[in-house]
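Have a look at data18.cif; it's mmCIF, N, CA and C atoms:
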data_run
loop_
_atom_site.label_atom_id
_atom_site.label_comp_id
_atom_site.auth_asym_id
_atom_site.auth_seq_id
_atom_site.Cartn_x
_atom_site.Cartn_y
_atom_site.Cartn_z
N MET X 1 8.60 -8.69 13.78
CA MET X 1 8.94 -9.89 13.06
C MET X 1 7.73 -10.33 12.24
N ASN X 2 7.94 -10.59 10.97
CA ASN X 2 6.87 -10.94 10.06
C ASN X 2 7.03 -12.40 9.61
N VAL X 3 6.32 -13.29 10.27
CA VAL X 3 6.39 -14.71 9.95
C VAL X 3 5.07 -15.12 9.31
N SER X 4 5.14 -15.84 8.20
CA SER X 4 3.92 -16.27 7.54
C SER X 4 3.25 -17.38 8.35
N ILE X 5 1.97 -17.57 8.10
CA ILE X 5 1.23 -18.65 8.76
C ILE X 5 1.88 -19.98 8.43
N ARG X 6 2.25 -20.18 7.17
CA ARG X 6 2.88 -21.42 6.73
C ARG X 6 4.17 -21.68 7.52
N GLU X 7 5.03 -20.68 7.60
CA GLU X 7 6.29 -20.82 8.34
C GLU X 7 6.03 -21.10 9.82
N HIS X 8 5.05 -20.42 10.38
CA HIS X 8 4.72 -20.61 11.79
C HIS X 8 4.27 -22.05 12.05
N ILE X 9 3.40 -22.56 11.20
CA ILE X 9 2.89 -23.92 11.39
C ILE X 9 4.01 -24.94 11.22
N ILE X 10 4.84 -24.77 10.20
CA ILE X 10 5.95 -25.69 9.98
C ILE X 10 6.89 -25.67 11.18
N ASN X 11 7.24 -24.48 11.64
CA ASN X 11 8.14 -24.37 12.81
C ASN X 11 7.51 -24.95 14.07
N ASN X 12 6.20 -24.81 14.19
CA ASN X 12 5.50 -25.31 15.37
C ASN X 12 5.50 -26.84 15.43
N PHE X 13 5.52 -27.50 14.29
CA PHE X 13 5.40 -28.96 14.25
C PHE X 13 6.68 -29.69 13.86
N LYS X 14 7.70 -28.99 13.40
CA LYS X 14 8.86 -29.69 12.82
C LYS X 14 9.61 -30.57 13.82
N ASP X 15 9.53 -30.30 15.09
CA ASP X 15 10.22 -31.13 16.08
C ASP X 15 9.30 -32.17 16.72
N ASP X 16 8.02 -32.19 16.31
CA ASP X 16 7.07 -33.16 16.86
C ASP X 16 7.33 -34.53 16.26
N ASN X 17 6.97 -35.56 17.01
CA ASN X 17 7.08 -36.91 16.47
C ASN X 17 5.79 -37.26 15.72
N ILE X 18 5.80 -38.42 15.09
CA ILE X 18 4.66 -38.85 14.28
C ILE X 18 3.36 -38.89 15.08
N ASP X 19 3.43 -39.41 16.29
CA ASP X 19 2.22 -39.51 17.12
C ASP X 19 1.65 -38.14 17.46
N GLU X 20 2.51 -37.18 17.72
CA GLU X 20 2.05 -35.83 18.04
C GLU X 20 1.40 -35.17 16.83
N ILE X 21 1.97 -35.39 15.66
CA ILE X 21 1.39 -34.83 14.44
C ILE X 21 0.04 -35.50 14.16
N LYS X 22 0.00 -36.82 14.30
CA LYS X 22 -1.25 -37.55 14.09
C LYS X 22 -2.33 -37.06 15.04
N GLU X 23 -1.98 -36.86 16.30
CA GLU X 23 -2.95 -36.36 17.28
C GLU X 23 -3.47 -34.98 16.89
N ALA X 24 -2.58 -34.12 16.44
CA ALA X 24 -2.99 -32.77 16.03
C ALA X 24 -3.95 -32.83 14.84
N VAL X 25 -3.65 -33.69 13.86
CA VAL X 25 -4.52 -33.83 12.70
C VAL X 25 -5.87 -34.39 13.13
N ASN X 26 -5.86 -35.45 13.93
CA ASN X 26 -7.12 -36.05 14.39
C ASN X 26 -7.96 -35.05 15.16
N GLU X 27 -7.35 -34.30 16.06
CA GLU X 27 -8.09 -33.30 16.83
C GLU X 27 -8.68 -32.23 15.91
N SER X 28 -7.92 -31.83 14.91
CA SER X 28 -8.40 -30.81 13.97
C SER X 28 -9.59 -31.31 13.17
N VAL X 29 -9.49 -32.53 12.69
CA VAL X 29 -10.56 -33.09 11.86
C VAL X 29 -11.79 -33.40 12.70
N GLU X 30 -11.60 -34.05 13.83
CA GLU X 30 -12.72 -34.45 14.68
C GLU X 30 -13.40 -33.25 15.32
N GLY X 31 -12.62 -32.24 15.65
CA GLY X 31 -13.17 -31.06 16.30
C GLY X 31 -13.94 -30.16 15.37
N GLY X 32 -13.62 -30.22 14.08
CA GLY X 32 -14.32 -29.39 13.11
C GLY X 32 -14.11 -27.91 13.29
N ASP X 33 -13.07 -27.54 14.02
CA ASP X 33 -12.78 -26.13 14.28
C ASP X 33 -12.15 -25.50 13.03
N GLU X 34 -12.80 -24.50 12.50
CA GLU X 34 -12.30 -23.86 11.28
C GLU X 34 -10.99 -23.13 11.50
N MET X 35 -10.63 -22.87 12.74
CA MET X 35 -9.35 -22.22 13.03
C MET X 35 -8.18 -23.14 12.67
N THR X 36 -8.43 -24.45 12.62
CA THR X 36 -7.35 -25.40 12.31
C THR X 36 -7.18 -25.62 10.81
N LEU X 37 -8.09 -25.10 10.00
CA LEU X 37 -8.00 -25.32 8.55
C LEU X 37 -6.70 -24.83 7.93
N PRO X 38 -6.16 -23.68 8.33
CA PRO X 38 -4.88 -23.28 7.75
C PRO X 38 -3.77 -24.30 8.02
N GLY X 39 -3.74 -24.87 9.22
CA GLY X 39 -2.73 -25.87 9.54
C GLY X 39 -2.88 -27.11 8.68
N LEU X 40 -4.13 -27.56 8.51
CA LEU X 40 -4.37 -28.72 7.66
C LEU X 40 -4.00 -28.41 6.22
N GLY X 41 -4.24 -27.17 5.82
CA GLY X 41 -3.86 -26.76 4.47
C GLY X 41 -2.35 -26.79 4.26
N VAL X 42 -1.60 -26.39 5.28
CA VAL X 42 -0.14 -26.44 5.19
C VAL X 42 0.31 -27.89 5.12
N PHE X 43 -0.29 -28.75 5.94
CA PHE X 43 0.05 -30.18 5.88
C PHE X 43 -0.25 -30.74 4.49
N MET X 44 -1.40 -30.36 3.92
CA MET X 44 -1.77 -30.83 2.59
C MET X 44 -0.77 -30.35 1.54
N SER X 45 -0.36 -29.09 1.64
CA SER X 45 0.59 -28.57 0.66
C SER X 45 1.95 -29.27 0.78
N LEU X 46 2.37 -29.58 2.00
CA LEU X 46 3.62 -30.31 2.19
C LEU X 46 3.51 -31.72 1.61
N LEU X 47 2.37 -32.36 1.85
CA LEU X 47 2.13 -33.69 1.30
C LEU X 47 2.18 -33.65 -0.22
N TRP X 48 1.50 -32.68 -0.80
CA TRP X 48 1.43 -32.54 -2.25
C TRP X 48 2.82 -32.27 -2.85
N GLU X 49 3.54 -31.35 -2.24
CA GLU X 49 4.87 -30.98 -2.74
C GLU X 49 5.86 -32.14 -2.68
N ASN X 50 5.63 -33.08 -1.79
CA ASN X 50 6.56 -34.18 -1.58
C ASN X 50 6.02 -35.51 -2.10
N SER X 51 5.06 -35.43 -3.00
CA SER X 51 4.47 -36.64 -3.59
C SER X 51 4.81 -36.71 -5.07
N ASN X 52 4.97 -37.94 -5.55
CA ASN X 52 5.17 -38.12 -6.99
C ASN X 52 3.80 -38.14 -7.67
N ASP X 53 3.78 -38.23 -8.98
CA ASP X 53 2.52 -38.16 -9.72
C ASP X 53 1.57 -39.29 -9.34
N LYS X 54 2.08 -40.48 -9.12
CA LYS X 54 1.24 -41.61 -8.75
C LYS X 54 0.57 -41.36 -7.39
N ASP X 55 1.36 -40.87 -6.44
CA ASP X 55 0.80 -40.56 -5.12
C ASP X 55 -0.21 -39.42 -5.20
N LYS X 56 0.06 -38.42 -6.03
CA LYS X 56 -0.89 -37.31 -6.21
C LYS X 56 -2.22 -37.83 -6.76
N ASP X 57 -2.14 -38.76 -7.71
CA ASP X 57 -3.37 -39.34 -8.25
C ASP X 57 -4.16 -40.08 -7.17
N LYS X 58 -3.47 -40.78 -6.27
CA LYS X 58 -4.14 -41.48 -5.17
C LYS X 58 -4.81 -40.48 -4.23
N ILE X 59 -4.10 -39.40 -3.93
CA ILE X 59 -4.65 -38.36 -3.06
C ILE X 59 -5.92 -37.77 -3.69
N LEU X 60 -5.84 -37.47 -4.97
CA LEU X 60 -6.99 -36.89 -5.67
C LEU X 60 -8.16 -37.87 -5.71
N ASP X 61 -7.87 -39.16 -5.92
CA ASP X 61 -8.93 -40.17 -5.92
C ASP X 61 -9.62 -40.21 -4.56
N LYS X 62 -8.85 -40.14 -3.48
CA LYS X 62 -9.43 -40.17 -2.13
C LYS X 62 -10.25 -38.92 -1.85
N ILE X 63 -9.77 -37.78 -2.30
CA ILE X 63 -10.51 -36.53 -2.12
C ILE X 63 -11.83 -36.61 -2.88
N LYS X 64 -11.77 -37.06 -4.13
CA LYS X 64 -12.99 -37.15 -4.95
C LYS X 64 -13.99 -38.13 -4.32
N LEU X 65 -13.51 -39.27 -3.85
CA LEU X 65 -14.38 -40.24 -3.19
C LEU X 65 -15.05 -39.63 -1.96
N ALA X 66 -14.27 -38.92 -1.16
CA ALA X 66 -14.82 -38.28 0.04
C ALA X 66 -15.84 -37.21 -0.31
N LEU X 67 -15.58 -36.45 -1.38
CA LEU X 67 -16.53 -35.42 -1.80
C LEU X 67 -17.85 -36.03 -2.25
N ASN X 68 -17.77 -37.17 -2.90
CA ASN X 68 -18.99 -37.84 -3.38
C ASN X 68 -19.78 -38.45 -2.24
N LYS X 69 -19.12 -38.76 -1.12
CA LYS X 69 -19.83 -39.29 0.05
C LYS X 69 -20.66 -38.21 0.72
N GLY X 70 -20.09 -36.99 0.72
CA GLY X 70 -20.70 -35.89 1.46
C GLY X 70 -21.94 -35.42 0.85
#

Would you encode the structure as structure tokens?
Amino acid sequence: MNVSIREHIINNFKDDNIDEIKEAVNESVEGGDEMTLPGLGVFMSLLWENSNDKDKDKILDKIKLALNKG
């Protein structure tokens, strides 16, 4: 069976509730484990694909602000 990483991550989280997803994101970010980056990338792509242009601009502004802090 050939399942993509994207499909695997979506299937792994699609039945989770908001709190479970939030916990997974927080653990990924706080832990700094690079193994979680693909999952965060899938979440980002889902967010991007389901955002309108105004929301995309807000996301980009937040990313740029965070990059300038670092």

Using the chain letters and numbers from the file, give me the residues hit by the PyMOL selection byres (((chain X and resi 42 and name CA) around 12) and name CA), as a list in words.
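Checked against the file, the PyMOL selection byres (((chain X and resi 42 and name CA) around 12) and name CA) matches Ser4, Ile5, Arg6, Glu7, His8, Ile9, Ile10, Asn11, Asn12, Phe13, Val25, Thr36, Leu37, Pro38, Gly39, Leu40, Gly41, Phe43, Met44, Ser45, Leu46, Leu47, Trp48 and Glu49 of chain X.
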
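Across the model, the gap from atom C of X:Asp57 to atom N of X:Lys69 is 16.2 Å.
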
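Put simply, atom CA of X:Lys62 is 25.1 Å away from atom CA of X:Asn17.
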
Just the number, please: distance in Å from atom CA of X:Ala66 to atom CA of X:Val29, one decimal.
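Between atom CA of X:Ala66 and atom CA of X:Val29 the gap works out to 13.6 Å.
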
Among chain X, which residues carry a DSSP assignment of helix (DSSP H, G or I), reported as a PyMOL selection string?
chain X and resi 5-13+18-31+34-49+53-69
